[in-house]
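Engineer: Please find work.cif (mmCIF, C-alpha atoms) on the next line:
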```cif
data_work
loop_
_atom_site.group_PDB
_atom_site.id
_atom_site.type_symbol
_atom_site.label_atom_id
_atom_site.label_comp_id
_atom_site.auth_asym_id
_atom_site.auth_seq_id
_atom_site.Cartn_x
_atom_site.Cartn_y
_atom_site.Cartn_z
ATOM 1 C CA MET A 123 37.413 52.251 -14.166
ATOM 2 C CA ALA A 124 37.730 51.841 -17.896
ATOM 3 C CA CYS A 125 40.954 51.288 -19.751
ATOM 4 C CA GLY A 126 41.016 52.052 -23.445
ATOM 5 C CA SER A 127 43.177 51.391 -26.470
ATOM 6 C CA THR A 128 44.719 54.834 -27.090
ATOM 7 C CA SER A 129 48.506 54.542 -26.824
ATOM 8 C CA LEU A 130 50.358 56.416 -24.085
ATOM 9 C CA GLY A 131 53.725 54.957 -25.083
ATOM 10 C CA ASN A 132 56.149 52.148 -24.332
ATOM 11 C CA GLY A 133 58.734 51.564 -21.665
ATOM 12 C CA GLU A 134 59.640 49.513 -18.682
ATOM 13 C CA ALA A 135 57.339 48.558 -15.803
ATOM 14 C CA THR A 136 58.618 47.691 -12.349
ATOM 15 C CA TRP A 137 56.843 47.064 -9.051
ATOM 16 C CA PHE A 138 56.836 48.946 -5.756
ATOM 17 C CA CYS A 139 55.279 48.967 -2.301
ATOM 18 C CA CYS A 140 52.926 51.865 -1.640
ATOM 19 C CA GLY A 141 54.079 54.654 0.639
ATOM 20 C CA ASN A 142 57.448 55.043 2.307
ATOM 21 C CA ALA A 143 57.902 51.425 3.425
ATOM 22 C CA TRP A 144 61.083 49.608 2.402
ATOM 23 C CA GLY A 145 61.382 45.856 2.371
ATOM 24 C CA PRO A 146 58.351 43.581 2.273
ATOM 25 C CA CYS A 147 55.083 45.335 1.420
ATOM 26 C CA ALA A 148 53.244 46.105 4.619
ATOM 27 C CA ALA A 149 49.811 47.484 5.374
ATOM 28 C CA ALA A 150 51.317 50.983 5.495
ATOM 29 C CA GLY A 151 50.903 52.986 2.345
ATOM 30 C CA GLY A 152 48.859 55.856 1.098
ATOM 31 C CA GLY A 153 51.288 57.230 -1.462
ATOM 32 C CA ALA A 154 50.975 60.641 -3.105
ATOM 33 C CA CYS A 155 47.243 60.189 -3.669
ATOM 34 C CA GLY A 156 46.508 58.847 -0.194
ATOM 35 C CA THR A 157 44.772 55.773 -1.653
ATOM 36 C CA CYS A 158 47.670 53.483 -2.577
ATOM 37 C CA LYS A 159 47.404 49.857 -1.458
ATOM 38 C CA SER A 160 50.008 47.286 -2.466
ATOM 39 C CA SER A 161 47.274 44.627 -2.667
ATOM 40 C CA ALA A 162 45.180 46.640 -5.196
ATOM 41 C CA LEU A 163 45.531 47.020 -8.984
ATOM 42 C CA GLN A 164 47.268 50.393 -8.821
ATOM 43 C CA ALA A 165 50.291 52.213 -10.205
ATOM 44 C CA ALA A 166 52.680 55.096 -9.711
ATOM 45 C CA TRP A 167 52.863 57.505 -12.671
ATOM 46 C CA PRO A 168 55.758 59.963 -13.262
ATOM 47 C CA ASN A 169 53.466 62.801 -14.310
ATOM 48 C CA ALA A 170 50.699 62.515 -11.721
ATOM 49 C CA SER A 171 51.186 66.190 -10.776
ATOM 50 C CA LYS A 172 53.534 69.120 -11.304
ATOM 51 C CA ALA A 173 55.339 68.255 -8.057
ATOM 52 C CA CYS A 174 55.673 64.620 -9.131
ATOM 53 C CA TRP A 175 57.100 65.634 -12.529
ATOM 54 C CA ALA A 176 59.751 67.746 -10.793
ATOM 55 C CA ILE A 177 60.924 64.637 -8.902
ATOM 56 C CA THR A 178 60.696 61.987 -11.636
ATOM 57 C CA ARG A 179 61.770 64.053 -14.700
ATOM 58 C CA PRO A 180 61.094 61.458 -17.413
ATOM 59 C CA ASP A 181 61.815 64.180 -19.974
ATOM 60 C CA LEU A 182 65.513 63.865 -19.101
ATOM 61 C CA CYS A 183 65.322 60.342 -20.576
ATOM 62 C CA GLY A 184 63.457 61.491 -23.678
ATOM 63 C CA GLU A 185 60.020 60.471 -22.359
ATOM 64 C CA ASN A 186 57.091 62.805 -22.982
ATOM 65 C CA LEU A 187 54.447 61.334 -20.689
ATOM 66 C CA PRO A 188 51.096 63.126 -20.389
ATOM 67 C CA ARG A 189 49.703 64.329 -17.054
ATOM 68 C CA ARG A 190 47.436 61.661 -15.597
ATOM 69 C CA GLY A 191 46.377 62.405 -12.045
ATOM 70 C CA CYS A 192 45.147 60.360 -9.130
ATOM 71 C CA GLY A 193 42.420 57.918 -10.148
ATOM 72 C CA SER A 194 43.289 57.894 -13.865
ATOM 73 C CA ALA A 195 43.012 54.486 -15.530
ATOM 74 C CA ILE A 196 45.958 53.067 -17.486
ATOM 75 C CA LYS A 197 46.179 49.703 -19.241
ATOM 76 C CA VAL A 198 49.597 48.041 -19.023
ATOM 77 C CA ARG A 199 50.358 45.267 -21.539
ATOM 78 C CA HIS A 200 53.396 42.985 -21.270
ATOM 79 C CA LEU A 201 54.965 43.054 -24.748
ATOM 80 C CA CYS A 202 56.018 39.401 -24.764
ATOM 81 C CA SER A 203 53.178 37.503 -23.121
ATOM 82 C CA GLY A 204 50.404 39.884 -24.171
ATOM 83 C CA ALA A 205 49.000 39.805 -20.625
ATOM 84 C CA SER A 206 47.485 43.098 -19.531
ATOM 85 C CA VAL A 207 46.138 44.769 -16.418
ATOM 86 C CA CYS A 208 44.062 47.899 -15.915
ATOM 87 C CA VAL A 209 45.361 50.021 -13.033
ATOM 88 C CA THR A 210 44.520 53.328 -11.383
ATOM 89 C CA VAL A 211 47.125 55.975 -10.638
ATOM 90 C CA SER A 212 47.569 56.113 -6.874
ATOM 91 C CA ASP A 213 51.116 57.386 -6.376
ATOM 92 C CA CYS A 214 53.983 59.349 -7.909
ATOM 93 C CA GLY A 215 56.836 57.479 -9.564
ATOM 94 C CA PRO A 216 58.995 55.899 -10.763
ATOM 95 C CA ARG A 217 61.927 58.285 -10.595
ATOM 96 C CA THR A 218 62.554 57.804 -14.310
ATOM 97 C CA ARG A 219 65.576 60.112 -14.453
ATOM 98 C CA SER A 220 67.484 57.748 -12.152
ATOM 99 C CA PHE A 221 67.082 54.875 -14.624
ATOM 100 C CA CYS A 222 67.660 56.494 -18.044
ATOM 101 C CA GLY A 223 68.731 53.852 -20.528
ATOM 102 C CA GLU A 224 67.898 50.909 -18.284
ATOM 103 C CA SER A 225 66.386 48.207 -20.476
ATOM 104 C CA SER A 226 64.163 45.154 -20.039
ATOM 105 C CA CYS A 227 63.934 42.436 -22.670
ATOM 106 C CA CYS A 228 62.112 39.196 -23.342
ATOM 107 C CA ASP A 229 61.925 37.147 -26.541
ATOM 108 C CA GLY A 230 64.065 39.784 -28.282
ATOM 109 C CA VAL A 231 61.636 42.597 -27.410
ATOM 110 C CA CYS A 232 63.266 45.385 -25.396
ATOM 111 C CA ARG A 233 62.056 48.677 -23.931
ATOM 112 C CA SER A 234 64.032 51.341 -22.115
ATOM 113 C CA ASN A 235 63.303 53.764 -19.277
ATOM 114 C CA ARG A 236 61.046 53.075 -16.314
ATOM 115 C CA VAL A 237 57.733 54.715 -17.127
ATOM 116 C CA ILE A 238 55.371 53.103 -14.615
ATOM 117 C CA ASP A 239 55.559 51.303 -11.276
ATOM 118 C CA LEU A 240 52.875 48.730 -10.473
ATOM 119 C CA THR A 241 51.774 47.473 -7.094
ATOM 120 C CA PRO A 242 52.731 43.842 -6.437
ATOM 121 C CA ALA A 243 49.103 42.831 -7.064
ATOM 122 C CA ALA A 244 49.041 44.523 -10.489
ATOM 123 C CA PHE A 245 52.534 43.388 -11.545
ATOM 124 C CA SER A 246 51.650 39.775 -10.674
ATOM 125 C CA VAL A 247 48.819 39.860 -13.221
ATOM 126 C CA ILE A 248 51.256 40.389 -16.112
ATOM 127 C CA GLY A 249 54.487 38.822 -14.832
ATOM 128 C CA SER A 250 56.444 37.320 -11.991
ATOM 129 C CA LEU A 251 57.629 39.639 -9.205
ATOM 130 C CA SER A 252 61.028 37.923 -9.465
ATOM 131 C CA SER A 253 61.510 39.329 -12.983
ATOM 132 C CA GLY A 254 61.747 42.822 -11.472
ATOM 133 C CA ALA A 255 61.052 44.722 -14.697
ATOM 134 C CA LEU A 256 59.097 44.072 -17.896
ATOM 135 C CA PRO A 257 58.876 45.722 -21.331
ATOM 136 C CA VAL A 258 55.360 47.143 -21.665
ATOM 137 C CA SER A 259 52.996 49.224 -23.758
ATOM 138 C CA LEU A 260 50.652 51.689 -22.047
ATOM 139 C CA TYR A 261 47.114 52.656 -23.067
ATOM 140 C CA GLU A 262 44.252 54.793 -21.808
#
```
Translate this file's structure into structure tokens.
Structural biologist:
Amino acid sequence: MACGSTSLGNGEATWFCCGNAWGPCAAAGGGACGTCKSSALQAAWPNASKACWAITRPDLCGENLPRRGCGSAIKVRHLCSGASVCVTVSDCGPRTRSFCGESSCCDGVCRSNRVIDLTPAAFSVIGSLSSGALPVSLYE
């Protein structure tokens, strides 16, 4: 997997447990791609497929995110600390349209709209799970 330096945009990153499990992340998972593991450096992308786009609808929040399917590599960089992680798309999400206008800030840097969900393992590389959401830049 190779992450590059071509910008995909900015927004908010949150974390999620793979699959349909609620509560603490369990061994269950799979996600839309069938490969999602909460302990791996993976992500959910709102435009992983046509069906995913119909659910997440980031365009309703003014986001024009390109199609990046299962296995695509995306670099996520925390805008305040500069920490970054390279993840692979393994699920569909976040449901951006449900969080239009939501904003995350640190050190006066703010970004709006959830554009990517990271597994707990990936999110922990760039921030604390207790922060819940971080302003990020995305690259491929």
Engineer: Using only C-alpha atoms, can you tell me which of A:Val209, A:Ser226, A:Cys202, A:Leu240 comes closest to A:Ser160?
Structural biologist: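 Smallest distance to A:Ser160 is found for A:Leu240.
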Engineer: On this structure, which residues satisfy the PyMOL selection byres ((chain A and resi 136) around 10), written as a list in words?
Structural biologist: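 So the PyMOL selection byres ((chain A and resi 136) around 10) ends up selecting Glu134, Ala135, Trp137, Phe138, Ala165, Ala166, Pro216, Ser226, Arg236, Val237, Ile238, Asp239, Leu240, Thr241, Pro242, Phe245, Leu251, Ser253, Gly254, Ala255, Leu256, Pro257 and Val258 of chain A.
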Engineer: Specify as a count of residues only each residue included when the PyMOL selection byres ((chain A and resi 125) around 9) is applied to this file.
Structural biologist: 13
Engineer: Between atom CA of A:Leu201 and atom CA of A:Arg217, what distance in Å does the model show, to one decimal?
Structural biologist: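 According to the coordinates, atom CA of A:Leu201 and atom CA of A:Arg217 are separated by 21.9 Å.
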Engineer: Using only C-alpha atoms, which of A:Thr157, A:Leu163, A:His200, A:Cys139 sits nearest A:Cys228?
Structural biologist: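 Ranked by minimum distance to A:Cys228, first place goes to A:His200.
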Engineer: Quick check on the file I pasted: which residues fall under the PyMOL selection byres ((chain A and resi 180) around 10)? Write them as a list in words.
Structural biologist: Pro168, Asn169, Trp175, Ala176, Ile177, Thr178, Arg179, Asp181, Leu182, Cys183, Gly184, Glu185, Asn186, Leu187, Gly215, Pro216, Arg217, Thr218, Arg219, Ser220, Phe221, Cys222, Asn235, Arg236 and Val237 of chain A
Engineer: Using all atoms listed in the file, which of A:Ser212, A:Ser161, A:Ser259, A:Ser129 sits nearest A:Ala243?
Structural biologist: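 Of the candidates, the smallest distance to A:Ala243 is held by A:Ser161.
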Engineer: Pick from A:Ala244, A:Ala205, A:Gly230, A:Cys214: nearest to A:Ala154, with only C-alpha atoms counted?
Structural biologist: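 That would be A:Cys214, the residue with the smallest distance to A:Ala154.
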Engineer: Please report the interatomic distance between atom CA of A:Val198 and atom CA of A:Ser252 in Å with one decimal.
Structural biologist: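 Here the two named atoms are 18.0 Å from each other.
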Engineer: When you draw a straight line from atom CA of A:Asn132 to atom CA of A:Gly153, how long is it in Å?
Structural biologist: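 Separation of atom CA of A:Asn132 and atom CA of A:Gly153: 23.9 Å.
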Engineer: With distances taken over all atoms listed in the file, which of A:Gly223, A:Gly249, A:Gly152, A:Gly131 is nearest to A:Gln164?
Structural biologist: A:Gly152
Engineer: A:Arg233, A:Arg199, A:Arg189, A:Lys159: which is nearest A:Val247, counting all atoms listed in the file?
Structural biologist: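 For A:Val247, the nearest of the candidates is A:Arg199.
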Engineer: Around all the atoms of stretch 236-255 of chain A listed in the file, with 4 Å of room on each side, what axis-aligned box do you get, giving centre and edge lengths in Å to one decimal, as lines of an AutoDock Vina configuration file?
Structural biologist:
```
center_x = 55.3
center_y = 46.0
center_z = -11.8
size_x = 20.9
size_y = 25.4
size_z = 18.7
```
